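Here's the structure we're looking at; comments come further down.
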Amino acid sequence: MKTQKQERTRPLKTQARRRSTNNSTKRTKGSLEIVTYHAVVSCAPLLKDWCFLTARKFERQMEFLHRIGCDVMPLADAADRLVSGQLTRRTIAITFDDGYMNNITNALPILERYGFPATIFLVSELVGLKTALWPNRILAAIANSERSHIDFRGHTMKMGNVKERIHASRKLQTLVKADSGDDPQAAVEEIERACGTCINPKFSADHDFAVMDASTIRASVAGGLIDFGAHSMTHPILSKVSDRRLKSEIQNSIKSVEELTGVPCRLFAYPNGGPDDFDDRAVGFLRETNVDYAVTTVQAQNKMASDSYRLSRWNVGGESSIAGFATKILCSGFISRISQ
Ligand SMILES: [Zn+2]
C-alpha cells in the first residue's frame with residue numbers, strides 16, 4: 001500500500017497570499033505549524049469548556065493567517081513536503097478533532113472565504129449516532145441537572161451556580177479520565193444518574209455537541225477543501241488499552257474513515273494526544289497501516305527531522321485570545337526551544 005503514496009499525494013489546493021518581505025517568514029523557513037481545533041460554535045456556551053471556540057474568534061484567527069501570508073496546506077501534503085525537505089517557508093495545517101457537525105456548519109464557510117483547507121479527525125463509532133463524545137455527555141448532565149450538588153465515587157461537588165457547575169464538569173472529566181481505564185461509558189452513565197438527567201442523550205444536528213453523519217462527510221469530501229483522518233473508534237486513552245483493543249481501535253477506525261470518504265486514510269490523531277496518552281505500541285501498529293502521519297497534542301513546531309508518527313500540534317481552545325494565537329504562530333520556534 002505504501003507504493004501508492006505518490007498517487008495519493010494531491011496537488012496543492014490552496015496557498016495564502018505571499019509576502020516576500022516578511023522577515024518572520026524568512027527566520028522560520030521550512031517549518032510546519034499544525035493547529036488543532038475542536039468545536040466551533042455560534043455562541044459561547046454557558047458552561048465554558050476549552051473545546052468550544054466561537055465562530056467569531058475562529059474567523060479572526062483565519063483572517064490573521066491570511067494577513068501574515070503563510071501557506072495554509074492540507075496536512076498530508078504539508079507533511080509530505082516537510083519530510084522531503086521541500087517546505088521553503090512557514091506553512092500551516094489546520095485540523096479539527098472529534099468530528100463535530102459545527103466544523104462544517106460554522107467553520108467551513110469561514111475556511112471557504114480564505115480558501116484554507118483543513119483535516120477533520122473522526123471518532124468513527126460516533127458518526128451518525130446522534131450521541132455525544134463522553135466529556136460532552138458530562139457537560140450536558142451538569143448543565144441540565146436540577147440538583148444542587150453531585151456525589152461521584154467519594155467526591156462531592158456543588159452545582160449551585162454556573163461557576164460551581166464549570167468546576168464540577170472539569171473535575172468530573174479529570175476523574176473519569178484517571179479512573180475509568182479503557183471504558184469511560186460506565187462512569188459517564190453513573191454521572192448522568194447522579195445528576196438525574198437522561199442516560200446517553202441524543203443531540204440534533206444543530207446542537208453544539210452534534211457529531212457528523214455519513215452524508216455530511218461524503219459531501220465535505222466532494223467539496224474539496226476538507227479531508228478526513230482517523231481518531232480511533234471510541235476515543236480511549238490508547239496507552240491504557242490492551243494490545244487487542246489498541247489494534248482494533250486503530251485498524252477499524254482507519255477502515256471506517258476509508259469507507260466513509262472513499263479515499264485512503266493517511267492521517268491519524270491520537271485521542272487526547274499527550275505524551276502519556278499513546279505509546280510505542282500505537283506507533284508500531286500505525287506503521288503497519290496506510291497511515292503515513294500521526295499527530296499528537298504536544299505543542300511544538302515541526303521541522304524536517306520530526307518523527308512522522310509524533311507530529312506536534314498547537315491547541316487552540318475556547319479561551320484563546322487572538323494575541324495568544326498570534327504568539328503561538330509567530331513565535332513557534334522560540335516557544336518550542338524553551339519548552340524542550
Ligand atoms: Zn479527541
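How things are named: the first chain in the C-alpha cells is A, the next is B, and so on; residues count from 1 in each chain; ligands count from 1 in the order shown.
Look at Ser124 (chain A): the protein and nucleic acid residues within 7 Å of it, using only C-alpha atoms and passing over chain neighbours fewer than 6 places away, are Ser232, Met233, Ser253, Ser256 and Val257 of chain A.
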Write a file of the just-selected residues containing C-alpha atoms, as a PDB file, in the first residue's frame.
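Output (again-v3.pdb):
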ATOM      1  CA  SER A 232      -9.882   5.931  16.964  1.00  0.00           C
ATOM      2  CA  MET A 233     -13.277   4.206  17.169  1.00  0.00           C
ATOM      3  CA  SER A 253     -11.173   3.478  12.654  1.00  0.00           C
ATOM      4  CA  SER A 256     -14.227   3.151   8.711  1.00  0.00           C
ATOM      5  CA  VAL A 257     -12.803   6.514   7.565  1.00  0.00           C
TER       6      VAL A 257
END
As a quick test: using only C-alpha atoms and all ligand atoms, which residues lie no more than 8 Å away from ligand 1? Give them as a list in words.
His38, Asp97, Asp98, Phe121, Val123, His231, His235, Ala269, Tyr270, Pro271, Asn272 and Gly273 of chain A
Would you write out those residues with N, CA and C atoms, as a PDB file, in the first residue's frame?
ATOM      1  N   HIS A  38     -11.419  22.057  18.073  1.00  0.00           N
ATOM      2  CA  HIS A  38     -12.450  21.046  18.325  1.00  0.00           C
ATOM      3  C   HIS A  38     -13.768  21.600  17.774  1.00  0.00           C
ATOM      4  N   ASP A  97     -10.407  18.060  15.771  1.00  0.00           N
ATOM      5  CA  ASP A  97     -10.551  16.727  16.354  1.00  0.00           C
ATOM      6  C   ASP A  97     -12.006  16.431  16.719  1.00  0.00           C
ATOM      7  N   ASP A  98     -12.370  15.182  16.605  1.00  0.00           N
ATOM      8  CA  ASP A  98     -13.626  14.599  17.119  1.00  0.00           C
ATOM      9  C   ASP A  98     -14.810  14.635  16.151  1.00  0.00           C
ATOM     10  N   PHE A 121     -10.504  14.975  12.106  1.00  0.00           N
ATOM     11  CA  PHE A 121     -10.231  13.636  12.639  1.00  0.00           C
ATOM     12  C   PHE A 121     -11.499  13.085  13.288  1.00  0.00           C
ATOM     13  N   VAL A 123     -13.988  10.377  15.253  1.00  0.00           N
ATOM     14  CA  VAL A 123     -14.161   9.257  16.193  1.00  0.00           C
ATOM     15  C   VAL A 123     -15.227   8.385  15.525  1.00  0.00           C
ATOM     16  N   HIS A 231      -9.362   8.986  14.296  1.00  0.00           N
ATOM     17  CA  HIS A 231      -9.095   9.460  15.667  1.00  0.00           C
ATOM     18  C   HIS A 231      -9.581   8.387  16.646  1.00  0.00           C
ATOM     19  N   HIS A 235     -12.409   6.782  21.143  1.00  0.00           N
ATOM     20  CA  HIS A 235     -11.667   7.809  21.878  1.00  0.00           C
ATOM     21  C   HIS A 235     -11.156   7.334  23.239  1.00  0.00           C
ATOM     22  N   ALA A 269      -4.930  10.815  14.458  1.00  0.00           N
ATOM     23  CA  ALA A 269      -4.691  11.684  15.622  1.00  0.00           C
ATOM     24  C   ALA A 269      -4.915  10.853  16.883  1.00  0.00           C
ATOM     25  N   TYR A 270      -3.921  10.815  17.759  1.00  0.00           N
ATOM     26  CA  TYR A 270      -4.057  10.057  18.995  1.00  0.00           C
ATOM     27  C   TYR A 270      -5.107  10.719  19.891  1.00  0.00           C
ATOM     28  N   PRO A 271      -6.092   9.963  20.435  1.00  0.00           N
ATOM     29  CA  PRO A 271      -7.051  10.556  21.379  1.00  0.00           C
ATOM     30  C   PRO A 271      -6.307  11.186  22.554  1.00  0.00           C
ATOM     31  N   ASN A 272      -6.742  12.379  22.919  1.00  0.00           N
ATOM     32  CA  ASN A 272      -6.069  13.213  23.935  1.00  0.00           C
ATOM     33  C   ASN A 272      -4.703  13.689  23.440  1.00  0.00           C
ATOM     34  N   GLY A 273      -3.869  12.756  22.982  1.00  0.00           N
ATOM     35  CA  GLY A 273      -2.658  13.119  22.247  1.00  0.00           C
ATOM     36  C   GLY A 273      -1.470  13.594  23.054  1.00  0.00           C
TER      37      GLY A 273
END
Please extract the residues of region 78-204 of chain A with a backbone DSSP assignment of strand (DSSP E or B) and present them as a list in words.
Thr91, Ile92, Ala93, Ile94, Thr95, Phe96, Asp97, Asp98, Tyr100, Ala118, Thr119, Ile120, Phe121, Leu122, His149, Ile150, Asp151, Phe152, His155, Thr156, Met157 and Lys158 of chain A
Identify, on the basis of only C-alpha atoms, every residue whose closest approach to region 60-62 of chain A does not exceed 9 Å; exclude the query and any residue fewer than 6 positions from it along the same chain; express the result as a ChimeraX atom specification.
/A:110-111,114,116,322,325-326
For the selection just defined, write its residues with N, CA, C and O atoms to a file, as a JSON list (two decimals), in the first residue's frame.
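result02.json was written with the following content:
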[["chain", "number", "residue", "atom", "x", "y", "z"],
["A", 110, "ILE", "N", -16.17, 29.81, 6.80],
["A", 110, "ILE", "CA", -15.06, 30.75, 7.06],
["A", 110, "ILE", "C", -13.81, 30.27, 6.30],
["A", 110, "ILE", "O", -13.11, 31.06, 5.66],
["A", 111, "LEU", "N", -13.54, 28.97, 6.37],
["A", 111, "LEU", "CA", -12.39, 28.42, 5.63],
["A", 111, "LEU", "C", -12.54, 28.71, 4.13],
["A", 111, "LEU", "O", -11.57, 29.06, 3.45],
["A", 114, "TYR", "N", -11.44, 32.13, 2.89],
["A", 114, "TYR", "CA", -10.00, 32.33, 2.76],
["A", 114, "TYR", "C", -9.34, 31.28, 1.86],
["A", 114, "TYR", "O", -8.14, 31.34, 1.60],
["A", 116, "PHE", "N", -8.86, 28.17, 2.70],
["A", 116, "PHE", "CA", -7.98, 27.35, 3.54],
["A", 116, "PHE", "C", -8.52, 25.91, 3.64],
["A", 116, "PHE", "O", -9.67, 25.70, 4.03],
["A", 322, "ILE", "N", -6.78, 36.32, 20.42],
["A", 322, "ILE", "CA", -6.09, 36.47, 19.13],
["A", 322, "ILE", "C", -4.60, 36.72, 19.37],
["A", 322, "ILE", "O", -3.74, 36.24, 18.62],
["A", 325, "PHE", "N", -3.02, 33.35, 20.10],
["A", 325, "PHE", "CA", -2.93, 32.58, 18.85],
["A", 325, "PHE", "C", -1.77, 33.11, 18.00],
["A", 325, "PHE", "O", -0.95, 32.34, 17.50],
["A", 326, "ALA", "N", -1.70, 34.44, 17.86],
["A", 326, "ALA", "CA", -0.64, 35.04, 17.04],
["A", 326, "ALA", "C", 0.73, 34.72, 17.62],
["A", 326, "ALA", "O", 1.68, 34.44, 16.88]]
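Using only C-alpha atoms, the contacts of Cys198 (chain A) at a cut-off of 12 Å, with sequence neighbours closer than 6 positions omitted, comprise Thr131, Arg137, Ile138, Ala140, Ala141, Ile142, Ala143, Asn144, Ser145, Val188, Glu189, Glu190, Ile191 and Glu192 of chain A.
Residues in contact range of Cys265 (chain A), defined as at most 9 Å between only C-alpha atoms, with sequence neighbours fewer than 3 positions away removed, read Phe228, Gly229, Ala230, Ile254, Lys255, Val257, Glu258, Thr261, Phe268, Asn290, Val291 and Asp292 of chain A.
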Please produce a file of the residues just selected, as a short mmCIF file (atom, residue, chain, number, x, y, z; two decimals), in the first residue's frame, where the atoms kept are C-alpha atoms.
data_model
loop_
_atom_site.label_atom_id
_atom_site.label_comp_id
_atom_site.auth_asym_id
_atom_site.auth_seq_id
_atom_site.Cartn_x
_atom_site.Cartn_y
_atom_site.Cartn_z
CA PHE A 228 -10.51 13.29 6.98
CA GLY A 229 -8.27 11.29 9.26
CA ALA A 230 -8.89 8.67 11.94
CA ILE A 254 -8.92 3.73 9.60
CA LYS A 255 -11.11 1.25 7.72
CA VAL A 257 -12.80 6.51 7.56
CA GLU A 258 -11.81 4.95 4.23
CA THR A 261 -14.70 9.01 2.44
CA PHE A 268 -4.30 9.55 12.48
CA ASN A 290 -1.97 3.12 5.24
CA VAL A 291 -1.35 5.92 7.72
CA ASP A 292 1.73 7.99 6.88
#
So which bits of region 80-139 of chain A end up alpha helix (DSSP H) when you DSSP the backbone, as a list in words?
Asp80, Arg81, Leu82, Val83, Asn102, Leu108, Pro109, Ile110, Leu111, Glu112, Arg113, Tyr114, Trp134, Pro135, Asn136, Arg137, Ile138 and Leu139 of chain A
Would you mind telling me which residue in A:Leu65, A:Ala79, A:Met212, A:Val40 lies nearest to Gly99 (chain A) when using only C-alpha atoms?
A:Met212
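Considering only C-alpha atoms, the residue among A:Gly30, A:Gly115, A:Gly224, A:Pro264 positioned nearest to Met304 (chain A) is A:Gly30.
When only C-alpha atoms are used to measure the gap to Leu260 (chain A), the shortest distance among A:Arg165, A:Arg281, A:Lys240, A:Arg218 belongs to A:Arg218.
Of the listed residues A:Asp227, A:Asp243, A:Asp179, A:Glu319, the one whose atoms come nearest to Met73 (chain A) is A:Asp227, with distances taken using only C-alpha atoms.
You can rank A:Ser248, A:Asn106, A:Thr197, A:Gln185 by their closest distance to Glu146 (chain A) using only C-alpha atoms, and at the top of that list sits A:Thr197.
Minimum atom-to-atom distance to Glu59 (chain A), evaluated using only C-alpha atoms, belongs to A:Ala107 out of A:Leu82, A:Ala107, A:Ala282, A:Ala294.
By chain and then residue number, the residues within 10 Å of Phe334 (chain A) are Ala300, Gln301, Lys328, Leu330, Ile338 and Ser339 of chain A, counting only C-alpha atoms and disregarding those fewer than 4 positions away in sequence.
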Export, as an mmCIF file, in the first residue's frame, the selected residues with C-alpha atoms.
data_model
loop_
_atom_site.group_PDB
_atom_site.id
_atom_site.type_symbol
_atom_site.label_atom_id
_atom_site.label_comp_id
_atom_site.auth_asym_id
_atom_site.auth_seq_id
_atom_site.Cartn_x
_atom_site.Cartn_y
_atom_site.Cartn_z
ATOM 1 C CA ALA A 300 5.762 22.476 19.263
ATOM 2 C CA GLN A 301 6.939 23.384 15.785
ATOM 3 C CA LYS A 328 1.959 30.664 19.028
ATOM 4 C CA LEU A 330 4.806 33.840 15.093
ATOM 5 C CA ILE A 338 12.291 26.930 25.591
ATOM 6 C CA SER A 339 9.735 24.123 26.178
#
